[in-house]
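Report on the following structure.
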Amino acid sequence: MSGGATLVERERAAAARGGGGGGGSEGGGDAARRVPGDGERPGDPASPRLRARNARLTMYLLLSASTMLFIGLLGAFMVLKQAVPEWPPPGSPPLPAWLAWNSALIVLSSVTLALAHLALRRGAMGTVRAGLAATLLLALAFLLVQWFGWSDLRAAGFLPSTNNFGGNFWLLTTLHFAHAVGGFVLLLRASVLAFRGYLPARLALPVEVAALFWHFVDAAWLVIWLSLL
């Protein structure tokens with residue numbers, strides 16, 4: 001009997017040491033919640049922190065690949081440009097004025113997006129929504145100007161087959177247009193979430209991802225435009 005009683009006492013003592021008591025259980029639970037954050041298990045695929053890290057990593061990889069692609073194409077374009085005595089080649093139309101207008105539009109869109117991003121960190125949701133809406137409209141204007149500008153060039157007979165300048169012009173601007181469409185989709189998603197009333201904590205990642213990609217689109221366009229001059 002004494003041995004049995006001793007065994008029961010030992011089990012109770014072990015349970016108490018393991019957090020079986022009220023105070024120990026609460027303390028252990030708080031500590032566990034503090035370590036992973038928000039009651040998440042480390043490495044849990046559903047963890048918001050892990051999803052945010054994965055989204056940022058995916059965006060960085062995408063931007064790295066796009067940067068290398070543009071560098072390769074622009075490098076080949078510059079080599080071709082330096083290899084001929086006259087550039088653009090004879091028969092090429094002058095650079096259209098809409099290229100400069102589009103440059104102004106996309107720079108202004110990056111400014112409004114940066115203001116929205118800063119306002120989000122302060123929790124000024126009215127400014128966030130206004131900044132995102134302005135950025136979205138400017139991005140749409142950029143796409144429309146380029147689309148109709150292309151139409152004018154095609155009507156004037158300036159095609160990829162016209163000469164080397166035409167081929168490179170259409171390749172670079174078409175590739176950039178595809179990136180701009182992707183950036184517009186990301187901006188649209190962030191804007192919809194903002195106008196649906198998402199709190200800053202929920203809106204931070206969509207806005208950050210859209211800002212990263214759109215600022216890249218802005219920088220890429222400016223480099224292309226300056227290379228075409």
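By convention in this document, the chains of the structure tokens carry letters A, B, ... by their order, each chain's residues are numbered from 1, and ligands are numbered from 1 in the order they are shown.
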Can you build me a table of segment 29-133 of chain A residues sitting at most 8 Å from segment 177-195 of chain A, with the closest atom pair per residue and its distance in Å to one decimal, using only C-alpha atoms, sorted by chain and residue number, as a tab-separated table?
```
residue	atom	partner	partner_atom	distance
A:Met125	CA	A:Ala194	CA	7.8
A:Val128	CA	A:Ala194	CA	7.6
A:Arg129	CA	A:Ala194	CA	6.0
A:Leu132	CA	A:Ser191	CA	5.7
A:Ala133	CA	A:Ser191	CA	6.6
```
Tell me, as a PDB file with C-alpha atoms, in the first residue's frame, which residues lie within 10 Å of segment 148-155 of chain A, counting only C-alpha atoms; anything in the same chain fewer than 2 positions away does not count.
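As written to disk, selection01.pdb reads:
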```pdb
ATOM      1  CA  PRO A  93      10.004  57.293 -87.651  1.00  0.00           C
ATOM      2  CA  LEU A  95      10.224  58.592 -81.373  1.00  0.00           C
ATOM      3  CA  PRO A  96       6.561  59.267 -80.599  1.00  0.00           C
ATOM      4  CA  ALA A  97       5.703  61.927 -78.034  1.00  0.00           C
ATOM      5  CA  TRP A  98       3.594  59.480 -76.030  1.00  0.00           C
ATOM      6  CA  LEU A  99       6.758  57.818 -74.733  1.00  0.00           C
ATOM      7  CA  LEU A 143      -1.486  51.069 -70.374  1.00  0.00           C
ATOM      8  CA  LEU A 144      -4.075  52.828 -72.534  1.00  0.00           C
ATOM      9  CA  VAL A 145      -1.592  55.419 -73.844  1.00  0.00           C
ATOM     10  CA  GLN A 146       0.826  52.657 -74.815  1.00  0.00           C
ATOM     11  CA  GLY A 157       3.839  51.196 -91.030  1.00  0.00           C
ATOM     12  CA  PHE A 158       6.388  50.945 -88.195  1.00  0.00           C
ATOM     13  CA  LEU A 159       6.428  47.217 -87.465  1.00  0.00           C
ATOM     14  CA  PRO A 160       8.871  44.743 -85.895  1.00  0.00           C
ATOM     15  CA  TRP A 170       8.507  46.338 -80.224  1.00  0.00           C
ATOM     16  CA  THR A 173       7.887  47.764 -75.137  1.00  0.00           C
ATOM     17  CA  THR A 174       5.774  44.592 -75.478  1.00  0.00           C
TER      18      THR A 174
END
```
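Atom pair atom CA of Thr67 of chain A / atom CA of Leu105 of chain A: separated by 21.6 Å.
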Who sits within 8 Å of segment 72-75 of chain A, only C-alpha atoms, same chain under 5 positions skipped, as a list in words: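 Counting only the stated atoms, we get Leu172, Ile224 and Ser227 of chain A.
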Restricting the output to C-alpha atoms, write the selected residues as a PDB file, in the first residue's frame.
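Done, and the output landed in selection18.pdb:
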```pdb
ATOM      1  CA  LEU A 172      11.163  45.859 -75.319  1.00  0.00           C
ATOM      2  CA  ILE A 224      13.920  51.512 -71.760  1.00  0.00           C
ATOM      3  CA  SER A 227      17.837  53.702 -74.132  1.00  0.00           C
TER       4      SER A 227
END
```
Nearest candidate to Ile71 of chain A (options A:Pro85, A:Leu228, A:Gly126, A:Val223; using only C-alpha atoms): A:Val223
Counting only C-alpha atoms, what is within 10 Å of Gly123 of chain A, bar same-chain residues fewer than 5 positions away, as a PDB file with N, CA and C atoms, in the first residue's frame?
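Output file selection.pdb follows:
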```pdb
ATOM      1  N   HIS A 117       1.661  53.766 -49.410  1.00  0.00           N
ATOM      2  CA  HIS A 117       2.399  52.808 -48.587  1.00  0.00           C
ATOM      3  C   HIS A 117       2.800  53.425 -47.251  1.00  0.00           C
ATOM      4  N   LEU A 118       3.268  54.666 -47.283  1.00  0.00           N
ATOM      5  CA  LEU A 118       3.628  55.349 -46.038  1.00  0.00           C
ATOM      6  C   LEU A 118       2.404  55.587 -45.160  1.00  0.00           C
ATOM      7  N   VAL A 128      -4.620  55.994 -47.646  1.00  0.00           N
ATOM      8  CA  VAL A 128      -4.246  54.757 -48.336  1.00  0.00           C
ATOM      9  C   VAL A 128      -5.171  54.502 -49.515  1.00  0.00           C
ATOM     10  N   LEU A 199      -8.130  45.881 -42.517  1.00  0.00           N
ATOM     11  CA  LEU A 199      -7.300  46.598 -41.564  1.00  0.00           C
ATOM     12  C   LEU A 199      -5.856  46.651 -42.051  1.00  0.00           C
ATOM     13  N   PRO A 200      -5.060  47.602 -41.547  1.00  0.00           N
ATOM     14  CA  PRO A 200      -3.669  47.729 -42.004  1.00  0.00           C
ATOM     15  C   PRO A 200      -2.869  46.436 -41.901  1.00  0.00           C
ATOM     16  N   ALA A 201      -3.092  45.655 -40.846  1.00  0.00           N
ATOM     17  CA  ALA A 201      -2.319  44.426 -40.691  1.00  0.00           C
ATOM     18  C   ALA A 201      -2.609  43.435 -41.814  1.00  0.00           C
TER      19      ALA A 201
END
```
Point-to-point distance from atom CA of Pro94 of chain A to atom CA of Ala141 of chain A, Å rounded to tenths: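 These atoms are spaced 22.6 Å apart.
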Option closest in space to Trp221 of chain A, from A:Phe165, A:Tyr60, A:Trp101, A:Trp87 [counting only C-alpha atoms]: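 Among the listed residues, the smallest separation from Trp221 of chain A belongs to A:Trp101.
Summary of the local environment: counting only C-alpha atoms, residues at most 9 Å from Thr135 of chain A, other than itself and those fewer than 4 positions away along its chain, are Ile106, Leu108, Ser109, Ser110, Val111, Thr112, Leu113, Ala116, Ala130, Gly131, Ala139, Leu140 and Leu187 of chain A.
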Selection: 7 Å around segment 51-59 of chain A, only C-alpha atoms, excl. self and same-chain fewer than 3 positions, as a ChimeraX atom specification: /A:47-48,62-63,205,209
Any chance you can output those residues with N, CA and C atoms as a short mmCIF file (atom, residue, chain, number, x, y, z; two decimals), in the first residue's frame?
```
data_model
loop_
_atom_site.label_atom_id
_atom_site.label_comp_id
_atom_site.auth_asym_id
_atom_site.auth_seq_id
_atom_site.Cartn_x
_atom_site.Cartn_y
_atom_site.Cartn_z
N SER A 47 0.58 29.61 -41.42
CA SER A 47 1.03 30.74 -40.63
C SER A 47 1.06 32.00 -41.48
N PRO A 48 0.42 33.11 -41.02
CA PRO A 48 0.49 34.36 -41.79
C PRO A 48 1.91 34.85 -41.99
N LEU A 62 11.05 36.61 -58.71
CA LEU A 62 10.46 37.07 -59.97
C LEU A 62 11.13 38.34 -60.48
N LEU A 63 11.37 39.27 -59.56
CA LEU A 63 12.02 40.52 -59.96
C LEU A 63 13.46 40.29 -60.39
N LEU A 205 0.64 43.22 -46.58
CA LEU A 205 1.33 42.36 -47.55
C LEU A 205 0.88 42.62 -48.98
N VAL A 209 3.64 43.89 -51.77
CA VAL A 209 3.93 43.12 -52.98
C VAL A 209 3.64 43.95 -54.23
#
```
